[in-house]
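Everything on this sheet refers to the single structure shown next.
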Amino acid sequence: MTTSPHFIDLRSDTVTRPTPGMRRAMAEAEVGDDVFGDDPTVIALEQRVASLLGKEAALFVPSGTMGNFLGLASTSERGDEVILDRNCHIMNYEVSSAAALHGLQLNALDGDRGMLTAAQIEPHIKKESLHTPGTRIVAMENTHNRCGGRVYPLDEMKRVSALARKHGVSVHLDGARLCNAHVASGVPLVEYAACADTVSMCFSKGLGAPVGSALVSRRDVIDRARRLRKRLGGGMRQVGILAAAALYALDNHIGRMREDHDHALQLASHLEKMPGVSLTFPVETNIVVATVDARHWTVEAILGALRDRGVLAVAFGADRIRMVTHLDVSSDDIERAGEVLSSLAATHAG
Ligand SMILES: *Cc1c(COP(=O)(O)O)cnc(C)c1O
């Protein structure tokens with residue numbers, strides 16, 4: 001697909017390109033062989049993320065998918081069970097890595113807009129026996145991608161965490177967009193992270209780095225994850241060049257997410273006015289999901305009409321479209337996208 005710069009690219013917050021300042025930081029990064037533990041920029045990033053989330057240690061990984069996998073695999077044995085929401089990223093977009101590579105059984109429950117409550121989870125927690133798998137991990141996702149960037153309420157996360165601790169079950173937090181949750185709710189990152197034993201977060205989403213995620217946890221868990229990362233072929237050498245981009249993003253791109261959230265609300269208000277289009281979820285952060293009524297439009301027709309007018313979005317299931325705001329989308333772009341949506345609404349109403 002064409003992605004020339006004049007397209008307003010709302011397909012995902014992964015499409016951002018490094019800013020000039022970020023590229024400078026990358027070019028100037030001090031590097032070494034990280035598999036030997038010699039890369040000072042990677043070490044600085046791992047320490048920085050660990051302290052940002054109030055944990056002992058962190059591991060820089062190539063992707064959020066690997067971060068989630070290592071979080072699960074480092075705290076479980078083959079045959080263990082993981083309780084999670086049916087719509088979560090681990091369940092839908094990670095090529096069954098937990099099952100395929102580590103033999104985990106995923107027990108997917110129906111969350112309320114991606115949120116499992118402690119009360120809902122409790123009856124599903126199983127003790128290992130001659131017959132049953134043991135529940136070893138409960139996983140949460142904040143913000144929740146498929147449920148429209150929903151912020152997991154801190155109180156419920158605390159209840160889930162307390163329940164898990166009571167049963168000796170570990171908690172994994174898929175915090176690919178945890179900074180978006182933090183900016184939207186004002187909850188400090190450490191408070192979210194305190195609800196979990198392992199946390200993954202992405203630098204390559206709204207933070208705007210080209211590549212990379214981190215897994216954060218206790219020292220012994222991270223030591224195990226480091227070994228498993230090597231087994232997966234994820235040991236990287238002079239990767240300080242990428243760690244520098246992530247450090248730059250943490251220094252410069254967290255606070256500005258507020259703009260992305262405002263932009264998402266603006267897009268939502270235009271979408272709401274279109275005949276046959278309704279918001280699937282309330283907009284809380286940078287993701288907008290809309291349901292398309294088949295009597296008015298097809299998803300393909302809307303996406304095609306938008307593309308013809310310079311706006312890119314994606315299908316999100318059979319009757320939904322998704323738009324995501326990020327740091328390569330300016331206020332002018334949002335205004336233009338709004339005009340495009342209004343003009344589509346007008347032609348369609350006619
Ligand atoms: C993007 C994303 C990930 C990780 O994706 P990668 O493409 O592997 O970096 C994990 N969880 C959620 C919720 C995501 O949106």
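Residue numbers start at 1 in each chain; chains themselves are named A, B, ... in the order of the structure tokens; ligands are numbered from 1 in the order shown.
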Report as a list in words all protein, DNA and RNA residues lying within 7 Å of region 72-84 of chain A, evaluated on only C-alpha atoms, omitting residues in the same chain fewer than 4 positions from it.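 My reading of the contact set: Asn68, His102, Gly103, Leu104, Gln105, Leu106, Asn107, Ala108, Leu109, Pro133, Gly134, Thr135, Arg136, Ile137, Val138, Ala139, Met140, Val221, Arg224 and Ala225 of chain A.
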Create the file for the chosen residues now, containing all heavy atoms and written as a compact mmCIF listing (two decimals), in the first residue's frame.
```
# COMPACT_ATOMS: atom_id res chain seq x y z
N ASN A 68 5.57 -10.15 25.86
CA ASN A 68 4.47 -10.90 26.47
C ASN A 68 4.83 -12.37 26.61
O ASN A 68 4.60 -12.99 27.66
CB ASN A 68 3.19 -10.77 25.63
CG ASN A 68 2.49 -9.44 25.87
OD1 ASN A 68 2.65 -8.81 26.92
ND2 ASN A 68 1.72 -9.01 24.88
N HIS A 102 5.46 -22.67 24.38
CA HIS A 102 5.67 -22.97 25.80
C HIS A 102 4.58 -23.87 26.38
O HIS A 102 4.52 -24.07 27.59
CB HIS A 102 5.78 -21.66 26.60
CG HIS A 102 6.35 -21.84 27.98
ND1 HIS A 102 7.63 -22.31 28.20
CD2 HIS A 102 5.81 -21.64 29.20
CE1 HIS A 102 7.85 -22.37 29.51
NE2 HIS A 102 6.77 -21.98 30.14
N GLY A 103 3.69 -24.39 25.53
CA GLY A 103 2.71 -25.37 25.99
C GLY A 103 1.75 -24.85 27.04
O GLY A 103 1.28 -25.61 27.89
N LEU A 104 1.43 -23.57 27.01
CA LEU A 104 0.49 -23.03 27.99
C LEU A 104 -0.94 -23.21 27.50
O LEU A 104 -1.22 -23.14 26.30
CB LEU A 104 0.75 -21.53 28.24
CG LEU A 104 2.06 -21.22 28.97
CD1 LEU A 104 2.30 -19.72 29.03
CD2 LEU A 104 2.05 -21.82 30.38
N GLN A 105 -1.83 -23.45 28.44
CA GLN A 105 -3.26 -23.51 28.11
C GLN A 105 -3.87 -22.15 28.46
O GLN A 105 -3.78 -21.70 29.61
CB GLN A 105 -3.94 -24.61 28.91
CG GLN A 105 -5.45 -24.57 28.84
CD GLN A 105 -6.07 -25.92 29.13
OE1 GLN A 105 -5.96 -26.85 28.34
NE2 GLN A 105 -6.69 -26.03 30.29
N LEU A 106 -4.49 -21.53 27.47
CA LEU A 106 -5.10 -20.23 27.72
C LEU A 106 -6.58 -20.43 28.02
O LEU A 106 -7.30 -21.04 27.24
CB LEU A 106 -4.92 -19.31 26.50
CG LEU A 106 -3.48 -19.05 26.05
CD1 LEU A 106 -3.44 -18.04 24.90
CD2 LEU A 106 -2.62 -18.54 27.21
N ASN A 107 -7.00 -19.90 29.16
CA ASN A 107 -8.41 -19.96 29.53
C ASN A 107 -8.99 -18.56 29.36
O ASN A 107 -8.81 -17.69 30.20
CB ASN A 107 -8.55 -20.45 30.97
CG ASN A 107 -10.01 -20.63 31.37
OD1 ASN A 107 -10.92 -20.43 30.55
ND2 ASN A 107 -10.24 -21.00 32.62
N ALA A 108 -9.67 -18.36 28.20
CA ALA A 108 -10.15 -17.02 27.86
C ALA A 108 -11.55 -16.80 28.42
O ALA A 108 -12.46 -17.58 28.14
CB ALA A 108 -10.15 -16.84 26.35
N LEU A 109 -11.72 -15.74 29.20
CA LEU A 109 -13.03 -15.37 29.73
C LEU A 109 -13.53 -14.13 28.99
O LEU A 109 -12.75 -13.41 28.37
CB LEU A 109 -12.92 -15.07 31.23
CG LEU A 109 -12.25 -16.13 32.11
CD1 LEU A 109 -12.25 -15.68 33.58
CD2 LEU A 109 -12.91 -17.48 31.96
N PRO A 133 -5.23 -28.76 35.23
CA PRO A 133 -4.05 -27.90 35.11
C PRO A 133 -4.05 -26.92 36.28
O PRO A 133 -5.11 -26.67 36.87
CB PRO A 133 -4.31 -27.14 33.80
CG PRO A 133 -5.80 -27.14 33.64
CD PRO A 133 -6.30 -28.40 34.29
N GLY A 134 -2.90 -26.42 36.65
CA GLY A 134 -2.86 -25.40 37.69
C GLY A 134 -2.90 -24.03 37.05
O GLY A 134 -2.22 -23.78 36.04
N THR A 135 -3.72 -23.13 37.60
CA THR A 135 -3.69 -21.75 37.12
C THR A 135 -2.41 -21.11 37.63
O THR A 135 -2.17 -21.07 38.84
CB THR A 135 -4.90 -20.95 37.65
OG1 THR A 135 -6.09 -21.62 37.24
CG2 THR A 135 -4.89 -19.53 37.09
N ARG A 136 -1.59 -20.63 36.72
CA ARG A 136 -0.30 -20.08 37.14
C ARG A 136 -0.24 -18.56 36.94
O ARG A 136 0.46 -17.85 37.65
CB ARG A 136 0.83 -20.75 36.34
CG ARG A 136 2.23 -20.40 36.75
CD ARG A 136 2.59 -20.84 38.17
NE ARG A 136 2.72 -22.27 38.29
CZ ARG A 136 3.89 -22.93 38.18
NH1 ARG A 136 5.02 -22.28 37.99
NH2 ARG A 136 3.93 -24.24 38.30
N ILE A 137 -1.01 -18.05 35.95
CA ILE A 137 -0.90 -16.64 35.60
C ILE A 137 -2.28 -16.07 35.29
O ILE A 137 -3.12 -16.75 34.68
CB ILE A 137 0.00 -16.44 34.35
CG1 ILE A 137 1.41 -17.01 34.59
CG2 ILE A 137 0.08 -14.96 33.96
CD1 ILE A 137 2.28 -17.05 33.34
N VAL A 138 -2.52 -14.84 35.72
CA VAL A 138 -3.66 -14.05 35.23
C VAL A 138 -3.06 -12.89 34.45
O VAL A 138 -2.11 -12.24 34.91
CB VAL A 138 -4.52 -13.51 36.38
CG1 VAL A 138 -5.57 -12.53 35.86
CG2 VAL A 138 -5.20 -14.65 37.14
N ALA A 139 -3.59 -12.64 33.24
CA ALA A 139 -3.04 -11.56 32.42
C ALA A 139 -4.09 -10.46 32.20
O ALA A 139 -5.27 -10.75 32.00
CB ALA A 139 -2.56 -12.10 31.08
N MET A 140 -3.64 -9.22 32.28
CA MET A 140 -4.49 -8.05 31.98
C MET A 140 -3.83 -7.23 30.87
O MET A 140 -2.63 -7.33 30.66
CB MET A 140 -4.65 -7.18 33.24
CG MET A 140 -5.39 -7.87 34.37
SD MET A 140 -5.65 -6.77 35.80
CE MET A 140 -4.14 -7.04 36.73
N VAL A 221 13.34 -13.31 37.58
CA VAL A 221 12.47 -13.53 36.41
C VAL A 221 13.14 -12.97 35.15
O VAL A 221 13.13 -13.61 34.09
CB VAL A 221 11.08 -12.88 36.63
CG1 VAL A 221 10.24 -12.96 35.36
CG2 VAL A 221 10.36 -13.54 37.81
N ARG A 224 15.85 -15.23 33.88
CA ARG A 224 15.30 -16.35 33.11
C ARG A 224 14.84 -15.88 31.72
O ARG A 224 15.09 -16.52 30.71
CB ARG A 224 14.10 -16.94 33.88
CG ARG A 224 13.88 -18.40 33.63
CD ARG A 224 12.90 -19.01 34.66
NE ARG A 224 13.24 -18.65 36.02
CZ ARG A 224 12.37 -18.21 36.95
NH1 ARG A 224 11.09 -18.08 36.66
NH2 ARG A 224 12.77 -17.90 38.17
N ALA A 225 14.20 -14.72 31.68
CA ALA A 225 13.70 -14.16 30.41
C ALA A 225 14.87 -13.87 29.46
O ALA A 225 14.76 -14.07 28.25
CB ALA A 225 12.90 -12.89 30.67
```
I'd like the contact shell of region 328-335 of chain A - 8 Å cut-off, only C-alpha atoms, skipping same-chain residues fewer than 3 positions apart - returned as an MDAnalysis selection string. chainID A and resid 8:10 16:17 263 266:267 325 338:339
Just-selected residues, all heavy atoms written as a short mmCIF file (atom, residue, chain, number, x, y, z; two decimals), in the first residue's frame:
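Writing the result to selection.cif gives the following:
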```cif
data_model
loop_
_atom_site.label_atom_id
_atom_site.label_comp_id
_atom_site.auth_asym_id
_atom_site.auth_seq_id
_atom_site.Cartn_x
_atom_site.Cartn_y
_atom_site.Cartn_z
N ILE A 8 -2.71 10.72 5.55
CA ILE A 8 -2.88 10.79 7.00
C ILE A 8 -3.08 9.35 7.45
O ILE A 8 -4.10 8.73 7.17
CB ILE A 8 -4.10 11.67 7.36
CG1 ILE A 8 -3.87 13.08 6.82
CG2 ILE A 8 -4.33 11.67 8.86
CD1 ILE A 8 -5.11 13.97 6.89
N ASP A 9 -2.04 8.83 8.10
CA ASP A 9 -2.00 7.38 8.34
C ASP A 9 -2.51 7.06 9.75
O ASP A 9 -1.78 7.20 10.74
CB ASP A 9 -0.57 6.89 8.15
CG ASP A 9 -0.51 5.37 8.02
OD1 ASP A 9 -1.50 4.70 8.38
OD2 ASP A 9 0.54 4.86 7.56
N LEU A 10 -3.76 6.62 9.81
CA LEU A 10 -4.40 6.31 11.10
C LEU A 10 -4.54 4.80 11.29
O LEU A 10 -5.32 4.35 12.11
CB LEU A 10 -5.78 6.98 11.16
CG LEU A 10 -5.78 8.50 10.98
CD1 LEU A 10 -7.22 9.01 10.82
CD2 LEU A 10 -5.13 9.19 12.18
N THR A 16 4.69 5.36 13.08
CA THR A 16 5.48 6.58 13.26
C THR A 16 6.92 6.37 12.79
O THR A 16 7.48 5.28 12.91
CB THR A 16 5.54 6.97 14.75
OG1 THR A 16 6.05 5.86 15.49
CG2 THR A 16 4.17 7.35 15.27
N ARG A 17 7.48 7.45 12.26
CA ARG A 17 8.90 7.41 11.88
C ARG A 17 9.69 8.21 12.91
O ARG A 17 9.17 9.17 13.46
CB ARG A 17 9.06 8.03 10.49
CG ARG A 17 8.40 7.19 9.40
CD ARG A 17 8.31 7.95 8.10
NE ARG A 17 7.87 7.08 7.02
CZ ARG A 17 6.59 6.94 6.65
NH1 ARG A 17 5.64 7.60 7.27
NH2 ARG A 17 6.27 6.14 5.66
N HIS A 263 -7.02 14.27 19.83
CA HIS A 263 -7.26 14.04 18.41
C HIS A 263 -8.23 12.88 18.20
O HIS A 263 -9.09 12.93 17.31
CB HIS A 263 -5.93 13.73 17.69
CG HIS A 263 -5.04 14.95 17.55
ND1 HIS A 263 -3.70 14.85 17.28
CD2 HIS A 263 -5.32 16.27 17.64
CE1 HIS A 263 -3.19 16.08 17.21
NE2 HIS A 263 -4.15 16.96 17.42
N GLN A 266 -11.67 14.03 18.71
CA GLN A 266 -12.16 14.82 17.56
C GLN A 266 -12.60 13.91 16.41
O GLN A 266 -13.66 14.12 15.81
CB GLN A 266 -11.07 15.78 17.07
CG GLN A 266 -10.81 16.94 18.04
CD GLN A 266 -9.62 17.78 17.59
OE1 GLN A 266 -9.50 18.12 16.41
NE2 GLN A 266 -8.74 18.11 18.51
N LEU A 267 -11.80 12.90 16.14
CA LEU A 267 -12.19 11.95 15.08
C LEU A 267 -13.51 11.28 15.44
O LEU A 267 -14.40 11.11 14.59
CB LEU A 267 -11.12 10.86 14.91
CG LEU A 267 -9.82 11.25 14.21
CD1 LEU A 267 -8.85 10.07 14.26
CD2 LEU A 267 -10.09 11.66 12.76
N THR A 325 -4.54 7.45 16.64
CA THR A 325 -3.78 8.69 16.53
C THR A 325 -2.39 8.50 17.16
O THR A 325 -2.20 7.63 18.00
CB THR A 325 -4.51 9.85 17.24
OG1 THR A 325 -4.75 9.48 18.60
CG2 THR A 325 -5.83 10.14 16.55
N GLY A 338 -11.17 15.19 9.58
CA GLY A 338 -12.54 15.54 9.98
C GLY A 338 -13.35 16.04 8.80
O GLY A 338 -14.51 15.65 8.62
N GLU A 339 -12.70 16.88 7.98
CA GLU A 339 -13.39 17.39 6.78
C GLU A 339 -13.74 16.24 5.83
O GLU A 339 -14.83 16.21 5.24
CB GLU A 339 -12.51 18.42 6.06
CG GLU A 339 -12.47 19.78 6.77
CD GLU A 339 -11.30 20.64 6.32
OE1 GLU A 339 -10.67 20.33 5.27
OE2 GLU A 339 -11.00 21.63 7.03
#
```
List all protein, DNA and RNA residues that have at least one atom no more than 10 Å from any atom of ligand 1, counting only C-alpha atoms and all ligand atoms, and write them as a PyMOL selection string. chain A and resi 12-14+61-69+87-94+140-147+149+173-178+200-206+211-214
Just give me the gap between CA of Gly310 (chain A) and CA of His253 (chain A) in Å, one decimal is fine. 25.9 Å
Skip region 190-192 of chain A itself and residues of its chain fewer than 6 positions away, then list as a CSV table (one decimal) with N, CA and C atoms, in the first residue's frame all residues within 10 Å of it, counting only C-alpha atoms.
```
chain,number,residue,atom,x,y,z
A,50,ALA,N,13.0,-0.1,34.5
A,50,ALA,CA,12.8,-0.7,35.7
A,50,ALA,C,12.4,0.3,36.8
A,51,SER,N,13.1,1.4,36.9
A,51,SER,CA,12.8,2.4,37.9
A,51,SER,C,11.5,3.1,37.6
A,52,LEU,N,11.3,3.4,36.3
A,52,LEU,CA,10.0,4.0,36.0
A,52,LEU,C,8.8,3.2,36.4
A,53,LEU,N,9.0,1.9,36.4
A,53,LEU,CA,7.8,1.0,36.8
A,53,LEU,C,8.0,0.4,38.2
A,54,GLY,N,9.1,0.8,38.9
A,54,GLY,CA,9.3,0.4,40.3
A,54,GLY,C,9.6,-1.1,40.4
A,55,LYS,N,10.3,-1.6,39.5
A,55,LYS,CA,10.7,-3.1,39.6
A,55,LYS,C,12.2,-3.2,39.6
A,142,ASN,N,-3.6,-3.2,29.4
A,142,ASN,CA,-3.9,-1.8,29.7
A,142,ASN,C,-3.0,-0.9,29.0
A,152,TYR,N,-7.8,0.2,31.9
A,152,TYR,CA,-8.2,-0.7,32.9
A,152,TYR,C,-8.3,0.1,34.3
A,153,PRO,N,-9.5,0.1,34.9
A,153,PRO,CA,-9.5,0.9,36.2
A,153,PRO,C,-8.6,0.3,37.2
A,154,LEU,N,-7.8,1.2,37.9
A,154,LEU,CA,-6.8,0.8,38.8
A,154,LEU,C,-7.4,0.0,40.0
A,155,ASP,N,-8.6,0.4,40.5
A,155,ASP,CA,-9.2,-0.4,41.6
A,155,ASP,C,-9.4,-1.8,41.2
A,157,MET,N,-7.8,-3.5,38.9
A,157,MET,CA,-6.5,-4.2,38.8
A,157,MET,C,-5.9,-4.6,40.2
A,158,LYS,N,-6.2,-3.7,41.1
A,158,LYS,CA,-5.7,-4.0,42.5
A,158,LYS,C,-6.4,-5.2,43.1
A,173,LEU,N,1.0,-8.1,33.1
A,173,LEU,CA,0.3,-6.9,32.5
A,173,LEU,C,0.9,-6.6,31.2
A,175,GLY,N,1.3,-4.1,29.0
A,175,GLY,CA,1.2,-2.7,29.0
A,175,GLY,C,1.8,-2.1,27.7
A,178,LEU,N,0.8,1.2,28.1
A,178,LEU,CA,0.6,1.6,29.5
A,178,LEU,C,0.8,3.2,29.7
A,181,ALA,N,-2.4,4.8,29.1
A,181,ALA,CA,-3.3,4.7,30.3
A,181,ALA,C,-2.9,5.7,31.4
A,182,HIS,N,-1.6,5.8,31.6
A,182,HIS,CA,-1.1,6.7,32.6
A,182,HIS,C,-1.5,8.2,32.3
A,199,VAL,N,5.6,-7.0,33.6
A,199,VAL,CA,4.9,-6.0,32.8
A,199,VAL,C,5.7,-5.9,31.5
```
When you look at Asp197 (chain A) with a cut-off of 9 Å (counting only C-alpha atoms), what residues show up, excluding the ones that are within fewer than 4 positions of it in the same chain? I need them as a VMD selection string. chain A and resid 55 71 75 170 to 173 193 216 to 218
Which residue, A:Thr19, A:Arg295, A:Ala345, A:Ala209, has the smallest gap to Ala249 (chain A) when you use only C-alpha atoms?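 Among the listed residues, A:Ala209 lies closest to Ala249 (chain A).
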Tell me which protein, DNA and RNA residues are within 9 Å of Leu271 (chain A), counting only C-alpha atoms, leaving out same-chain ones fewer than 6 positions away, and put them as a PyMOL selection string. chain A and resi 277-279+290+338+341-342+345
For N, CA, C and O atoms, I'd like the residues from the last selection saved as a PDB file, in the first residue's frame.
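out17.pdb, freshly written:
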```pdb
ATOM      1  N   VAL A 277     -22.908   4.848  10.963  1.00  0.00           N
ATOM      2  CA  VAL A 277     -21.651   4.603  11.678  1.00  0.00           C
ATOM      3  C   VAL A 277     -21.871   4.954  13.141  1.00  0.00           C
ATOM      4  O   VAL A 277     -22.471   5.981  13.453  1.00  0.00           O
ATOM      5  N   SER A 278     -21.429   4.079  14.035  1.00  0.00           N
ATOM      6  CA  SER A 278     -21.541   4.406  15.466  1.00  0.00           C
ATOM      7  C   SER A 278     -20.270   3.985  16.182  1.00  0.00           C
ATOM      8  O   SER A 278     -19.572   3.056  15.753  1.00  0.00           O
ATOM      9  N   LEU A 279     -19.961   4.685  17.259  1.00  0.00           N
ATOM     10  CA  LEU A 279     -18.764   4.327  18.022  1.00  0.00           C
ATOM     11  C   LEU A 279     -19.009   2.996  18.715  1.00  0.00           C
ATOM     12  O   LEU A 279     -20.032   2.806  19.367  1.00  0.00           O
ATOM     13  N   ALA A 290     -15.126   2.063  15.292  1.00  0.00           N
ATOM     14  CA  ALA A 290     -16.501   2.383  14.912  1.00  0.00           C
ATOM     15  C   ALA A 290     -17.135   1.184  14.212  1.00  0.00           C
ATOM     16  O   ALA A 290     -16.473   0.463  13.471  1.00  0.00           O
ATOM     17  N   GLY A 338     -11.173  15.194   9.578  1.00  0.00           N
ATOM     18  CA  GLY A 338     -12.543  15.542   9.984  1.00  0.00           C
ATOM     19  C   GLY A 338     -13.352  16.038   8.805  1.00  0.00           C
ATOM     20  O   GLY A 338     -14.514  15.651   8.619  1.00  0.00           O
ATOM     21  N   LEU A 341     -14.296  13.132   6.630  1.00  0.00           N
ATOM     22  CA  LEU A 341     -15.415  12.356   7.201  1.00  0.00           C
ATOM     23  C   LEU A 341     -16.728  13.113   7.003  1.00  0.00           C
ATOM     24  O   LEU A 341     -17.755  12.509   6.650  1.00  0.00           O
ATOM     25  N   SER A 342     -16.699  14.438   7.223  1.00  0.00           N
ATOM     26  CA  SER A 342     -17.923  15.229   7.033  1.00  0.00           C
ATOM     27  C   SER A 342     -18.392  15.175   5.583  1.00  0.00           C
ATOM     28  O   SER A 342     -19.588  15.052   5.311  1.00  0.00           O
ATOM     29  N   ALA A 345     -19.981  11.906   4.885  1.00  0.00           N
ATOM     30  CA  ALA A 345     -21.297  11.859   5.501  1.00  0.00           C
ATOM     31  C   ALA A 345     -22.296  12.594   4.625  1.00  0.00           C
ATOM     32  O   ALA A 345     -23.409  12.127   4.378  1.00  0.00           O
TER      33      ALA A 345
END
```
Could you give me, as number ranges by chain, each residue of region 140-257 of chain A that DSSP assigns to alpha helix (DSSP H) when run on this structure's backbone? A: 154-166, 178-185, 189-194, 219-231, 240-252, 257
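Among A:Ile125, A:His131, A:Ala313, A:Arg23, the residue with the shortest atom-to-atom distance to Gly168 (chain A), counting only C-alpha atoms, is A:Ile125.
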Give the strand (DSSP E or B) residues of region 3-217 of chain A, as assigned by DSSP on the backbone, as a PyMOL selection string. chain A and resi 8-9+57-61+81-85+105-109+112+115+135-141+144+150+170-174+198-202+213-217
Of the candidates A:Arg86, A:His167, A:Arg226, A:Arg258, which one gets nearest to Ala184 (chain A) if we count only C-alpha atoms? A:Arg258
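Interatomic distance, CA of Phe60 (chain A) to CA of Arg159 (chain A): 29.1 Å.
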